[in-house]
>>> print(open('structure-v2.cif').read())   # mmCIF, C-alpha atoms
data_query
loop_
_atom_site.group_PDB
_atom_site.id
_atom_site.type_symbol
_atom_site.label_atom_id
_atom_site.label_comp_id
_atom_site.auth_asym_id
_atom_site.auth_seq_id
_atom_site.Cartn_x
_atom_site.Cartn_y
_atom_site.Cartn_z
ATOM 1 C CA MET A 74 -21.377 -14.031 5.188
ATOM 2 C CA ILE A 75 -18.034 -13.757 3.424
ATOM 3 C CA HIS A 76 -17.967 -11.544 0.322
ATOM 4 C CA GLY A 77 -14.177 -11.358 -0.067
ATOM 5 C CA ILE A 78 -10.987 -12.829 1.350
ATOM 6 C CA ILE A 79 -7.583 -11.362 2.183
ATOM 7 C CA PHE A 80 -4.542 -13.471 2.980
ATOM 8 C CA ASP A 81 -1.304 -13.017 4.798
ATOM 9 C CA LEU A 82 1.522 -14.568 2.749
ATOM 10 C CA ASP A 83 4.314 -16.162 4.829
ATOM 11 C CA GLY A 84 3.124 -19.145 6.830
ATOM 12 C CA THR A 85 -0.373 -18.747 5.408
ATOM 13 C CA LEU A 86 -0.122 -19.438 1.678
ATOM 14 C CA VAL A 87 3.582 -20.289 1.392
ATOM 15 C CA GLU A 88 6.317 -21.633 3.612
ATOM 16 C CA SER A 89 8.643 -19.329 5.493
ATOM 17 C CA SER A 90 11.864 -20.209 7.275
ATOM 18 C CA LEU A 91 12.782 -16.694 8.398
ATOM 19 C CA ASP A 92 14.769 -16.770 11.635
ATOM 20 C CA PHE A 93 13.551 -13.608 13.339
ATOM 21 C CA ALA A 94 15.683 -14.230 16.417
ATOM 22 C CA LEU A 95 18.795 -14.234 14.241
ATOM 23 C CA ILE A 96 17.705 -11.148 12.309
ATOM 24 C CA LYS A 97 17.046 -9.258 15.531
ATOM 25 C CA GLN A 98 20.432 -10.284 16.858
ATOM 26 C CA GLN A 99 22.187 -9.073 13.720
ATOM 27 C CA ILE A 100 20.590 -5.605 13.826
ATOM 28 C CA GLY A 101 20.629 -5.233 17.616
ATOM 29 C CA CYS A 102 16.867 -5.414 18.107
ATOM 30 C CA PRO A 103 15.757 -6.553 21.589
ATOM 31 C CA ALA A 104 13.986 -9.908 21.483
ATOM 32 C CA ASP A 105 10.748 -8.495 22.922
ATOM 33 C CA LEU A 106 10.409 -5.657 20.382
ATOM 34 C CA ASP A 107 8.768 -5.756 16.968
ATOM 35 C CA LEU A 108 11.442 -5.871 14.272
ATOM 36 C CA LEU A 109 9.925 -3.349 11.852
ATOM 37 C CA THR A 110 8.999 -0.923 14.623
ATOM 38 C CA PHE A 111 12.566 -1.074 15.940
ATOM 39 C CA ILE A 112 14.002 -0.283 12.501
ATOM 40 C CA ASP A 113 11.574 2.616 11.991
ATOM 41 C CA GLN A 114 12.778 4.132 15.261
ATOM 42 C CA ILE A 115 16.481 4.049 14.344
ATOM 43 C CA THR A 116 17.544 7.709 14.137
ATOM 44 C CA CYS A 117 20.756 7.270 12.141
ATOM 45 C CA PRO A 118 19.879 6.988 8.407
ATOM 46 C CA ILE A 119 22.959 4.885 7.620
ATOM 47 C CA THR A 120 22.293 2.457 10.470
ATOM 48 C CA GLN A 121 18.630 2.237 9.494
ATOM 49 C CA GLN A 122 19.555 1.492 5.886
ATOM 50 C CA GLN A 123 21.962 -1.228 7.001
ATOM 51 C CA ALA A 124 19.266 -2.809 9.155
ATOM 52 C CA ASN A 125 16.788 -2.770 6.265
ATOM 53 C CA GLU A 126 19.362 -4.368 3.982
ATOM 54 C CA ILE A 127 19.943 -7.198 6.461
ATOM 55 C CA VAL A 128 16.210 -7.866 6.624
ATOM 56 C CA LEU A 129 15.912 -7.803 2.830
ATOM 57 C CA GLN A 130 18.783 -10.265 2.459
ATOM 58 C CA HIS A 131 17.043 -12.713 4.771
ATOM 59 C CA GLU A 132 13.675 -12.218 3.039
ATOM 60 C CA ASN A 133 15.077 -12.725 -0.452
ATOM 61 C CA SER A 134 16.949 -15.838 0.633
ATOM 62 C CA ASP A 135 13.741 -17.194 2.177
ATOM 63 C CA ALA A 136 11.791 -16.373 -0.989
ATOM 64 C CA ASN A 137 14.144 -18.473 -3.101
ATOM 65 C CA THR A 138 13.100 -21.667 -1.310
ATOM 66 C CA ALA A 139 9.492 -20.955 -0.288
ATOM 67 C CA LYS A 140 6.981 -23.548 -1.454
ATOM 68 C CA ALA A 141 3.197 -23.417 -1.478
ATOM 69 C CA LEU A 142 1.523 -24.809 1.618
ATOM 70 C CA THR A 143 -0.617 -27.916 1.236
ATOM 71 C CA GLY A 144 -4.070 -27.083 -0.090
ATOM 72 C CA MET A 145 -3.166 -23.635 -1.396
ATOM 73 C CA GLY A 146 -3.801 -24.405 -5.053
ATOM 74 C CA GLU A 147 -7.206 -25.967 -4.452
ATOM 75 C CA LEU A 148 -8.257 -23.108 -2.175
ATOM 76 C CA LEU A 149 -7.226 -20.351 -4.595
ATOM 77 C CA ASN A 150 -8.820 -22.183 -7.515
ATOM 78 C CA TYR A 151 -12.113 -22.343 -5.619
ATOM 79 C CA ILE A 152 -11.949 -18.634 -4.773
ATOM 80 C CA ASN A 153 -11.262 -17.843 -8.436
ATOM 81 C CA ARG A 154 -14.145 -20.013 -9.677
ATOM 82 C CA GLN A 155 -16.502 -18.295 -7.246
ATOM 83 C CA ASN A 156 -15.367 -14.850 -8.450
ATOM 84 C CA LEU A 157 -14.661 -13.892 -4.854
ATOM 85 C CA PRO A 158 -12.438 -10.805 -4.521
ATOM 86 C CA CYS A 159 -9.029 -11.881 -3.232
ATOM 87 C CA ALA A 160 -5.964 -9.963 -2.028
ATOM 88 C CA ILE A 161 -2.757 -10.356 -0.050
ATOM 89 C CA VAL A 162 -1.603 -8.099 2.781
ATOM 90 C CA THR A 163 1.865 -8.926 4.094
ATOM 91 C CA ARG A 164 4.601 -7.451 6.264
ATOM 92 C CA ASN A 165 7.071 -8.840 3.747
ATOM 93 C CA SER A 166 8.932 -6.699 1.191
ATOM 94 C CA LYS A 167 7.619 -6.133 -2.333
ATOM 95 C CA THR A 168 10.593 -7.893 -3.918
ATOM 96 C CA ALA A 169 10.393 -11.033 -1.772
ATOM 97 C CA SER A 170 6.605 -11.161 -2.096
ATOM 98 C CA GLU A 171 6.779 -11.004 -5.884
ATOM 99 C CA MET A 172 9.351 -13.809 -5.925
ATOM 100 C CA LYS A 173 7.134 -16.044 -3.802
ATOM 101 C CA LEU A 174 4.052 -15.366 -5.888
ATOM 102 C CA LYS A 175 5.841 -16.008 -9.175
ATOM 103 C CA GLN A 176 7.502 -19.290 -8.245
ATOM 104 C CA ASN A 177 4.320 -20.662 -6.683
ATOM 105 C CA ASN A 178 1.980 -19.545 -9.486
ATOM 106 C CA ILE A 179 -0.128 -17.355 -7.220
ATOM 107 C CA ASN A 180 -2.235 -15.108 -9.441
ATOM 108 C CA ILE A 181 -3.593 -12.492 -7.070
ATOM 109 C CA ASP A 182 -3.599 -8.954 -8.437
ATOM 110 C CA ILE A 183 -3.786 -6.983 -5.197
ATOM 111 C CA VAL A 184 -0.662 -7.490 -3.080
ATOM 112 C CA LEU A 185 0.035 -4.872 -0.410
ATOM 113 C CA THR A 186 3.411 -4.993 1.338
ATOM 114 C CA ARG A 187 4.996 -2.972 4.137
ATOM 115 C CA GLU A 188 6.140 -0.435 1.507
ATOM 116 C CA CYS A 189 2.492 0.334 0.683
ATOM 117 C CA TYR A 190 0.960 0.987 4.119
ATOM 118 C CA PRO A 191 1.964 0.849 7.788
ATOM 119 C CA ALA A 192 2.712 -2.758 8.721
ATOM 120 C CA LYS A 193 0.260 -4.968 10.580
ATOM 121 C CA PRO A 194 -1.191 -4.876 13.185
ATOM 122 C CA ALA A 195 -2.095 -1.464 11.748
ATOM 123 C CA PRO A 196 -5.344 -1.903 9.775
ATOM 124 C CA ASP A 197 -4.506 0.600 7.019
ATOM 125 C CA ALA A 198 -3.823 -1.929 4.248
ATOM 126 C CA LEU A 199 -6.921 -3.966 5.101
ATOM 127 C CA ASN A 200 -9.032 -0.816 5.169
ATOM 128 C CA ALA A 201 -7.674 0.157 1.751
ATOM 129 C CA VAL A 202 -8.724 -3.184 0.269
ATOM 130 C CA ALA A 203 -12.227 -2.928 1.742
ATOM 131 C CA GLU A 204 -12.585 0.578 0.331
ATOM 132 C CA LEU A 205 -11.340 -0.518 -3.092
ATOM 133 C CA TRP A 206 -13.805 -3.395 -3.219
ATOM 134 C CA GLN A 207 -16.619 -1.323 -1.678
ATOM 135 C CA ILE A 208 -17.368 -4.198 0.698
ATOM 136 C CA HIS A 209 -18.163 -3.683 4.383
ATOM 137 C CA PRO A 210 -15.294 -5.000 6.563
ATOM 138 C CA LYS A 211 -17.647 -7.275 8.500
ATOM 139 C CA ASN A 212 -18.137 -9.262 5.269
ATOM 140 C CA LEU A 213 -14.410 -9.691 4.644
ATOM 141 C CA ILE A 214 -12.203 -12.375 6.174
ATOM 142 C CA TYR A 215 -8.492 -11.910 6.810
ATOM 143 C CA VAL A 216 -6.474 -15.107 7.110
ATOM 144 C CA GLY A 217 -3.099 -15.218 8.841
ATOM 145 C CA ASP A 218 -0.830 -17.309 11.028
ATOM 146 C CA TYR A 219 0.376 -14.836 13.649
ATOM 147 C CA LEU A 220 -0.891 -12.506 16.375
ATOM 148 C CA TYR A 221 -0.390 -9.400 14.204
ATOM 149 C CA ASP A 222 -2.768 -10.872 11.612
ATOM 150 C CA ILE A 223 -5.510 -11.362 14.182
ATOM 151 C CA GLN A 224 -4.943 -7.865 15.581
ATOM 152 C CA ALA A 225 -4.990 -6.263 12.129
ATOM 153 C CA ALA A 226 -8.285 -7.970 11.274
ATOM 154 C CA ASN A 227 -9.790 -6.949 14.616
ATOM 155 C CA ASN A 228 -8.586 -3.369 14.143
ATOM 156 C CA ALA A 229 -10.176 -3.269 10.674
ATOM 157 C CA GLY A 230 -13.460 -4.783 11.853
ATOM 158 C CA MET A 231 -12.994 -7.856 9.657
ATOM 159 C CA ILE A 232 -13.457 -11.544 10.406
ATOM 160 C CA ALA A 233 -10.149 -12.728 11.867
ATOM 161 C CA CYS A 234 -9.206 -16.234 10.734
ATOM 162 C CA PHE A 235 -6.173 -17.803 12.376
ATOM 163 C CA ILE A 236 -4.465 -20.804 10.789
ATOM 164 C CA ASN A 237 -2.480 -22.588 13.490
ATOM 165 C CA HIS A 238 -1.236 -25.592 11.469
ATOM 166 C CA GLY A 239 -2.326 -27.868 14.286
ATOM 167 C CA ILE A 240 -0.342 -26.091 17.002
ATOM 168 C CA ASP A 241 -2.394 -24.132 19.549
ATOM 169 C CA THR A 242 -1.135 -20.718 20.670
ATOM 170 C CA HIS A 243 -1.930 -18.629 23.726
ATOM 171 C CA TYR A 244 -3.435 -15.830 21.588
ATOM 172 C CA GLN A 245 -5.563 -17.742 19.076
ATOM 173 C CA HIS A 246 -8.706 -17.143 21.139
ATOM 174 C CA LEU A 247 -8.572 -13.549 19.855
ATOM 175 C CA ALA A 248 -9.533 -14.810 16.385
ATOM 176 C CA ASP A 249 -13.114 -15.288 15.205
ATOM 177 C CA VAL A 250 -12.260 -18.464 13.306
ATOM 178 C CA ILE A 251 -9.459 -20.981 13.961
ATOM 179 C CA VAL A 252 -8.444 -23.546 11.341
ATOM 180 C CA LYS A 253 -5.685 -26.125 11.274
ATOM 181 C CA SER A 254 -5.172 -26.099 7.518
ATOM 182 C CA LEU A 255 -6.067 -24.432 4.233
ATOM 183 C CA ALA A 256 -8.285 -27.429 3.475
ATOM 184 C CA GLU A 257 -10.329 -26.678 6.595
ATOM 185 C CA LEU A 258 -10.607 -23.054 5.510
ATOM 186 C CA LEU A 259 -11.879 -24.193 2.093
ATOM 187 C CA THR A 260 -14.669 -26.149 3.791
ATOM 188 C CA ILE A 261 -15.700 -23.031 5.716
ATOM 189 C CA LEU A 262 -15.683 -20.862 2.593
ATOM 190 C CA LYS A 263 -17.912 -23.308 0.756
ATOM 191 C CA LYS A 264 -20.486 -22.893 3.516
ATOM 192 C CA HIS A 265 -20.258 -19.167 4.164
ATOM 193 C CA SER A 266 -19.065 -17.365 1.017
ATOM 194 C CA ILE A 267 -21.285 -15.561 -1.474
ATOM 195 C CA LYS A 268 -20.408 -15.719 -5.142
ATOM 196 C CA LYS A 269 -19.809 -12.269 -6.594
ATOM 197 C CA ALA A 270 -21.911 -11.419 -9.611
ATOM 198 C CA LEU A 271 -19.941 -10.769 -12.799
#
>>> encode(input="structure-v2.cif", output="structure tokens")
Amino acid sequence: MIHGIIFDLDGTLVESSLDFALIKQQIGCPADLDLLTFIDQITCPITQQQANEIVLQHENSDANTAKALTGMGELLNYINRQNLPCAIVTRNSKTASEMKLKQNNINIDIVLTRECYPAKPAPDALNAVAELWQIHPKNLIYVGDYLYDIQAANNAGMIACFINHGIDTHYQHLADVIVKSLAELLTILKKHSIKKAL
């Protein structure tokens, strides 16, 4: 049973048009390496700062145009009415995340970004939320749209929900639940979530 829900942000609740191939090209990151890991491993402080600034520029530009995905409002309203604990864990920056939440009227108090804990697929941020809520990870669902989201949920011992937007991927079988849309996720929550007592 689901006692709480944690969301990824980009591509899960809101649109994202980030061109990671372009960002990697601009900072010299090999195509097959994780962007954030590559930046963390840069030994020259000035070069590392420049790389971070390039990423932030892209994220902030993306945040300015990001719209809520179809079904987001109805889903979050249901979660709120049921008094289900809700949080966001994202690899995005704090600044860009706040912009996206504000312009899309997303009222979720707990938002953990890459500045808070090691980035996904590390489970640290998810573990922190479970500890804060005092809910066993097996009763929490983490919803995301990428491999790192599935891996983070698996690493934290949570239910991994993958939203594929109708496009199958070669790694989605690693998730516990696969949905095509937020509307489909809402249907699942109505069947398997437990209302939290006030």
>>> resolve_selection(input="structure-v2.cif", expression="the PyMOL selection byres ((chain A and resi 90) around 8)", output="PDB file with C-alpha atoms, in the coordinates of the input")
ATOM      1  CA  GLU A  88       6.317 -21.633   3.612  1.00  0.00           C
ATOM      2  CA  SER A  89       8.643 -19.329   5.493  1.00  0.00           C
ATOM      3  CA  LEU A  91      12.782 -16.694   8.398  1.00  0.00           C
ATOM      4  CA  ASP A  92      14.769 -16.770  11.635  1.00  0.00           C
ATOM      5  CA  ASP A 135      13.741 -17.194   2.177  1.00  0.00           C
ATOM      6  CA  ALA A 139       9.492 -20.955  -0.288  1.00  0.00           C
TER       7      ALA A 139
END
>>> resolve_selection(input="structure-v2.cif", expression="the PyMOL selection byres ((chain A and resi 185-196) around 9)", output="MDAnalysis selection string")
chainID A and resid 109:110 160:167 170 183:184 197:202 220:230
>>> residues_near_point(input="structure-v2.cif", point="(-21.5, -19.5, 4.0)", cutoff="12 Å", atoms="only C-alpha atoms", output="list in words")
Met74, Ile75, His76, Gly77, Asn212, Ile214, Leu258, Leu259, Thr260, Ile261, Leu262, Lys263, Lys264, His265, Ser266, Ile267 and Lys268 of chain A
>>> write_last_selection(input="structure-v2.cif", atoms="C-alpha atoms", output="PDB file, in the frame of the given file")
ATOM      1  CA  MET A  74     -21.377 -14.031   5.188  1.00  0.00           C
ATOM      2  CA  ILE A  75     -18.034 -13.757   3.424  1.00  0.00           C
ATOM      3  CA  HIS A  76     -17.967 -11.544   0.322  1.00  0.00           C
ATOM      4  CA  GLY A  77     -14.177 -11.358  -0.067  1.00  0.00           C
ATOM      5  CA  ASN A 212     -18.137  -9.262   5.269  1.00  0.00           C
ATOM      6  CA  ILE A 214     -12.203 -12.375   6.174  1.00  0.00           C
ATOM      7  CA  LEU A 258     -10.607 -23.054   5.510  1.00  0.00           C
ATOM      8  CA  LEU A 259     -11.879 -24.193   2.093  1.00  0.00           C
ATOM      9  CA  THR A 260     -14.669 -26.149   3.791  1.00  0.00           C
ATOM     10  CA  ILE A 261     -15.700 -23.031   5.716  1.00  0.00           C
ATOM     11  CA  LEU A 262     -15.683 -20.862   2.593  1.00  0.00           C
ATOM     12  CA  LYS A 263     -17.912 -23.308   0.756  1.00  0.00           C
ATOM     13  CA  LYS A 264     -20.486 -22.893   3.516  1.00  0.00           C
ATOM     14  CA  HIS A 265     -20.258 -19.167   4.164  1.00  0.00           C
ATOM     15  CA  SER A 266     -19.065 -17.365   1.017  1.00  0.00           C
ATOM     16  CA  ILE A 267     -21.285 -15.561  -1.474  1.00  0.00           C
ATOM     17  CA  LYS A 268     -20.408 -15.719  -5.142  1.00  0.00           C
TER      18      LYS A 268
END
>>> resolve_selection(input="structure-v2.cif", expression="the PyMOL selection byres ((chain A and resi 124) around 12)", output="ChimeraX atom specification")
/A:96-102,108-123,125-131
>>> axis_aligned_box(input="structure-v2.cif", around="range 80-99 of chain A", padding_each_side="3 Å", output="JSON")
{"center_x": 8.8, "center_y": -15.4, "center_z": 9.1, "size_x": 32.7, "size_y": 18.6, "size_z": 21.5}
>>> atom_distance(input="structure-v2.cif", atom1="CA of Trp206 in chain A", atom2="CA of Lys253 in chain A")
28.2 Å
>>> residues_around(input="structure-v2.cif", residues="Val87 in chain A", least_positions_apart="3", cutoff="9 Å", atoms="only C-alpha atoms", output="list of chain:residue names")
A:Leu82, A:Asp83, A:Gly84, A:Ala139, A:Lys140, A:Ala141, A:Leu142, A:Thr143, A:Met145, A:Lys173, A:Leu174, A:Asn177
>>> decode(input="structure-v2.cif", residues="range 231-244 of chain A", atoms="all heavy atoms", output="PDB file, in the first residue's frame")
ATOM      1  N   MET A 231      12.144   1.708  -2.359  1.00  0.00           N
ATOM      2  CA  MET A 231      10.803   2.235  -2.583  1.00  0.00           C
ATOM      3  C   MET A 231      10.180   1.612  -3.826  1.00  0.00           C
ATOM      4  O   MET A 231      10.862   0.972  -4.626  1.00  0.00           O
ATOM      5  CB  MET A 231      10.855   3.765  -2.754  1.00  0.00           C
ATOM      6  CG  MET A 231      11.300   4.502  -1.523  1.00  0.00           C
ATOM      7  SD  MET A 231      11.265   6.305  -1.772  1.00  0.00           S
ATOM      8  CE  MET A 231      11.892   6.839  -0.165  1.00  0.00           C
ATOM      9  N   ILE A 232       8.885   1.839  -3.998  1.00  0.00           N
ATOM     10  CA  ILE A 232       8.190   1.412  -5.203  1.00  0.00           C
ATOM     11  C   ILE A 232       8.635   2.331  -6.339  1.00  0.00           C
ATOM     12  O   ILE A 232       8.496   3.548  -6.245  1.00  0.00           O
ATOM     13  CB  ILE A 232       6.661   1.499  -5.025  1.00  0.00           C
ATOM     14  CG1 ILE A 232       6.208   0.650  -3.838  1.00  0.00           C
ATOM     15  CG2 ILE A 232       5.946   1.072  -6.309  1.00  0.00           C
ATOM     16  CD1 ILE A 232       4.793   0.951  -3.380  1.00  0.00           C
ATOM     17  N   ALA A 233       9.182   1.775  -7.379  1.00  0.00           N
ATOM     18  CA  ALA A 233       9.654   2.560  -8.522  1.00  0.00           C
ATOM     19  C   ALA A 233       8.565   2.644  -9.573  1.00  0.00           C
ATOM     20  O   ALA A 233       8.173   1.636 -10.152  1.00  0.00           O
ATOM     21  CB  ALA A 233      10.915   1.929  -9.110  1.00  0.00           C
ATOM     22  N   CYS A 234       8.067   3.860  -9.815  1.00  0.00           N
ATOM     23  CA  CYS A 234       7.046   4.072 -10.841  1.00  0.00           C
ATOM     24  C   CYS A 234       7.660   4.847 -11.988  1.00  0.00           C
ATOM     25  O   CYS A 234       8.167   5.956 -11.800  1.00  0.00           O
ATOM     26  CB  CYS A 234       5.856   4.835 -10.259  1.00  0.00           C
ATOM     27  SG  CYS A 234       4.574   5.217 -11.486  1.00  0.00           S
ATOM     28  N   PHE A 235       7.596   4.279 -13.177  1.00  0.00           N
ATOM     29  CA  PHE A 235       8.167   4.907 -14.362  1.00  0.00           C
ATOM     30  C   PHE A 235       7.049   5.407 -15.262  1.00  0.00           C
ATOM     31  O   PHE A 235       6.165   4.655 -15.646  1.00  0.00           O
ATOM     32  CB  PHE A 235       9.033   3.895 -15.123  1.00  0.00           C
ATOM     33  CG  PHE A 235       9.660   4.448 -16.374  1.00  0.00           C
ATOM     34  CD1 PHE A 235      10.637   5.423 -16.309  1.00  0.00           C
ATOM     35  CD2 PHE A 235       9.270   3.991 -17.627  1.00  0.00           C
ATOM     36  CE1 PHE A 235      11.217   5.943 -17.458  1.00  0.00           C
ATOM     37  CE2 PHE A 235       9.840   4.492 -18.788  1.00  0.00           C
ATOM     38  CZ  PHE A 235      10.814   5.477 -18.695  1.00  0.00           C
ATOM     39  N   ILE A 236       7.079   6.691 -15.589  1.00  0.00           N
ATOM     40  CA  ILE A 236       6.117   7.264 -16.525  1.00  0.00           C
ATOM     41  C   ILE A 236       6.802   7.405 -17.889  1.00  0.00           C
ATOM     42  O   ILE A 236       7.785   8.139 -18.016  1.00  0.00           O
ATOM     43  CB  ILE A 236       5.548   8.610 -16.010  1.00  0.00           C
ATOM     44  CG1 ILE A 236       4.566   9.209 -17.017  1.00  0.00           C
ATOM     45  CG2 ILE A 236       6.654   9.592 -15.634  1.00  0.00           C
ATOM     46  CD1 ILE A 236       3.752  10.362 -16.457  1.00  0.00           C
ATOM     47  N   ASN A 237       6.320   6.649 -18.864  1.00  0.00           N
ATOM     48  CA  ASN A 237       7.022   6.612 -20.155  1.00  0.00           C
ATOM     49  C   ASN A 237       6.353   7.457 -21.236  1.00  0.00           C
ATOM     50  O   ASN A 237       6.838   7.506 -22.370  1.00  0.00           O
ATOM     51  CB  ASN A 237       7.179   5.168 -20.641  1.00  0.00           C
ATOM     52  CG  ASN A 237       5.863   4.506 -21.016  1.00  0.00           C
ATOM     53  OD1 ASN A 237       4.817   5.148 -21.102  1.00  0.00           O
ATOM     54  ND2 ASN A 237       5.909   3.196 -21.252  1.00  0.00           N
ATOM     55  N   HIS A 238       5.248   8.108 -20.912  1.00  0.00           N
ATOM     56  CA  HIS A 238       4.538   8.980 -21.853  1.00  0.00           C
ATOM     57  C   HIS A 238       4.226   8.265 -23.166  1.00  0.00           C
ATOM     58  O   HIS A 238       4.245   8.866 -24.242  1.00  0.00           O
ATOM     59  CB  HIS A 238       5.348  10.257 -22.120  1.00  0.00           C
ATOM     60  CG  HIS A 238       5.654  11.041 -20.881  1.00  0.00           C
ATOM     61  ND1 HIS A 238       4.691  11.681 -20.135  1.00  0.00           N
ATOM     62  CD2 HIS A 238       6.831  11.255 -20.234  1.00  0.00           C
ATOM     63  CE1 HIS A 238       5.251  12.275 -19.099  1.00  0.00           C
ATOM     64  NE2 HIS A 238       6.538  12.027 -19.127  1.00  0.00           N
ATOM     65  N   GLY A 239       3.976   6.967 -23.043  1.00  0.00           N
ATOM     66  CA  GLY A 239       3.572   6.186 -24.211  1.00  0.00           C
ATOM     67  C   GLY A 239       4.701   5.705 -25.092  1.00  0.00           C
ATOM     68  O   GLY A 239       4.469   5.119 -26.142  1.00  0.00           O
ATOM     69  N   ILE A 240       5.942   5.926 -24.657  1.00  0.00           N
ATOM     70  CA  ILE A 240       7.103   5.481 -25.436  1.00  0.00           C
ATOM     71  C   ILE A 240       7.906   4.480 -24.604  1.00  0.00           C
ATOM     72  O   ILE A 240       8.484   4.841 -23.583  1.00  0.00           O
ATOM     73  CB  ILE A 240       8.001   6.669 -25.829  1.00  0.00           C
ATOM     74  CG1 ILE A 240       7.204   7.697 -26.641  1.00  0.00           C
ATOM     75  CG2 ILE A 240       9.212   6.184 -26.623  1.00  0.00           C
ATOM     76  CD1 ILE A 240       7.956   8.967 -26.935  1.00  0.00           C
ATOM     77  N   ASP A 241       7.928   3.232 -25.015  1.00  0.00           N
ATOM     78  CA  ASP A 241       8.642   2.193 -24.272  1.00  0.00           C
ATOM     79  C   ASP A 241      10.152   2.418 -24.338  1.00  0.00           C
ATOM     80  O   ASP A 241      10.684   2.879 -25.352  1.00  0.00           O
ATOM     81  CB  ASP A 241       8.311   0.813 -24.832  1.00  0.00           C
ATOM     82  CG  ASP A 241       6.870   0.410 -24.575  1.00  0.00           C
ATOM     83  OD1 ASP A 241       6.242   0.990 -23.679  1.00  0.00           O
ATOM     84  OD2 ASP A 241       6.368  -0.481 -25.290  1.00  0.00           O
ATOM     85  N   THR A 242      10.839   2.079 -23.244  1.00  0.00           N
ATOM     86  CA  THR A 242      12.296   2.167 -23.201  1.00  0.00           C
ATOM     87  C   THR A 242      12.876   0.798 -22.859  1.00  0.00           C
ATOM     88  O   THR A 242      12.163  -0.079 -22.346  1.00  0.00           O
ATOM     89  CB  THR A 242      12.776   3.173 -22.137  1.00  0.00           C
ATOM     90  OG1 THR A 242      12.506   2.638 -20.837  1.00  0.00           O
ATOM     91  CG2 THR A 242      12.067   4.519 -22.293  1.00  0.00           C
ATOM     92  N   HIS A 243      14.165   0.643 -23.113  1.00  0.00           N
ATOM     93  CA  HIS A 243      14.797  -0.657 -22.882  1.00  0.00           C
ATOM     94  C   HIS A 243      15.038  -0.942 -21.402  1.00  0.00           C
ATOM     95  O   HIS A 243      15.360  -2.076 -21.036  1.00  0.00           O
ATOM     96  CB  HIS A 243      16.136  -0.728 -23.631  1.00  0.00           C
ATOM     97  CG  HIS A 243      17.179   0.213 -23.102  1.00  0.00           C
ATOM     98  ND1 HIS A 243      17.234   1.542 -23.470  1.00  0.00           N
ATOM     99  CD2 HIS A 243      18.197   0.024 -22.219  1.00  0.00           C
ATOM    100  CE1 HIS A 243      18.248   2.126 -22.855  1.00  0.00           C
ATOM    101  NE2 HIS A 243      18.845   1.239 -22.089  1.00  0.00           N
ATOM    102  N   TYR A 244      14.859   0.079 -20.537  1.00  0.00           N
ATOM    103  CA  TYR A 244      15.135  -0.113 -19.106  1.00  0.00           C
ATOM    104  C   TYR A 244      13.879  -0.069 -18.235  1.00  0.00           C
ATOM    105  O   TYR A 244      13.963  -0.249 -17.023  1.00  0.00           O
ATOM    106  CB  TYR A 244      16.133   0.934 -18.610  1.00  0.00           C
ATOM    107  CG  TYR A 244      15.743   2.376 -18.875  1.00  0.00           C
ATOM    108  CD1 TYR A 244      14.756   3.001 -18.117  1.00  0.00           C
ATOM    109  CD2 TYR A 244      16.352   3.104 -19.885  1.00  0.00           C
ATOM    110  CE1 TYR A 244      14.398   4.318 -18.359  1.00  0.00           C
ATOM    111  CE2 TYR A 244      15.998   4.421 -20.135  1.00  0.00           C
ATOM    112  CZ  TYR A 244      15.019   5.025 -19.368  1.00  0.00           C
ATOM    113  OH  TYR A 244      14.659   6.326 -19.604  1.00  0.00           O
TER     114      TYR A 244
END
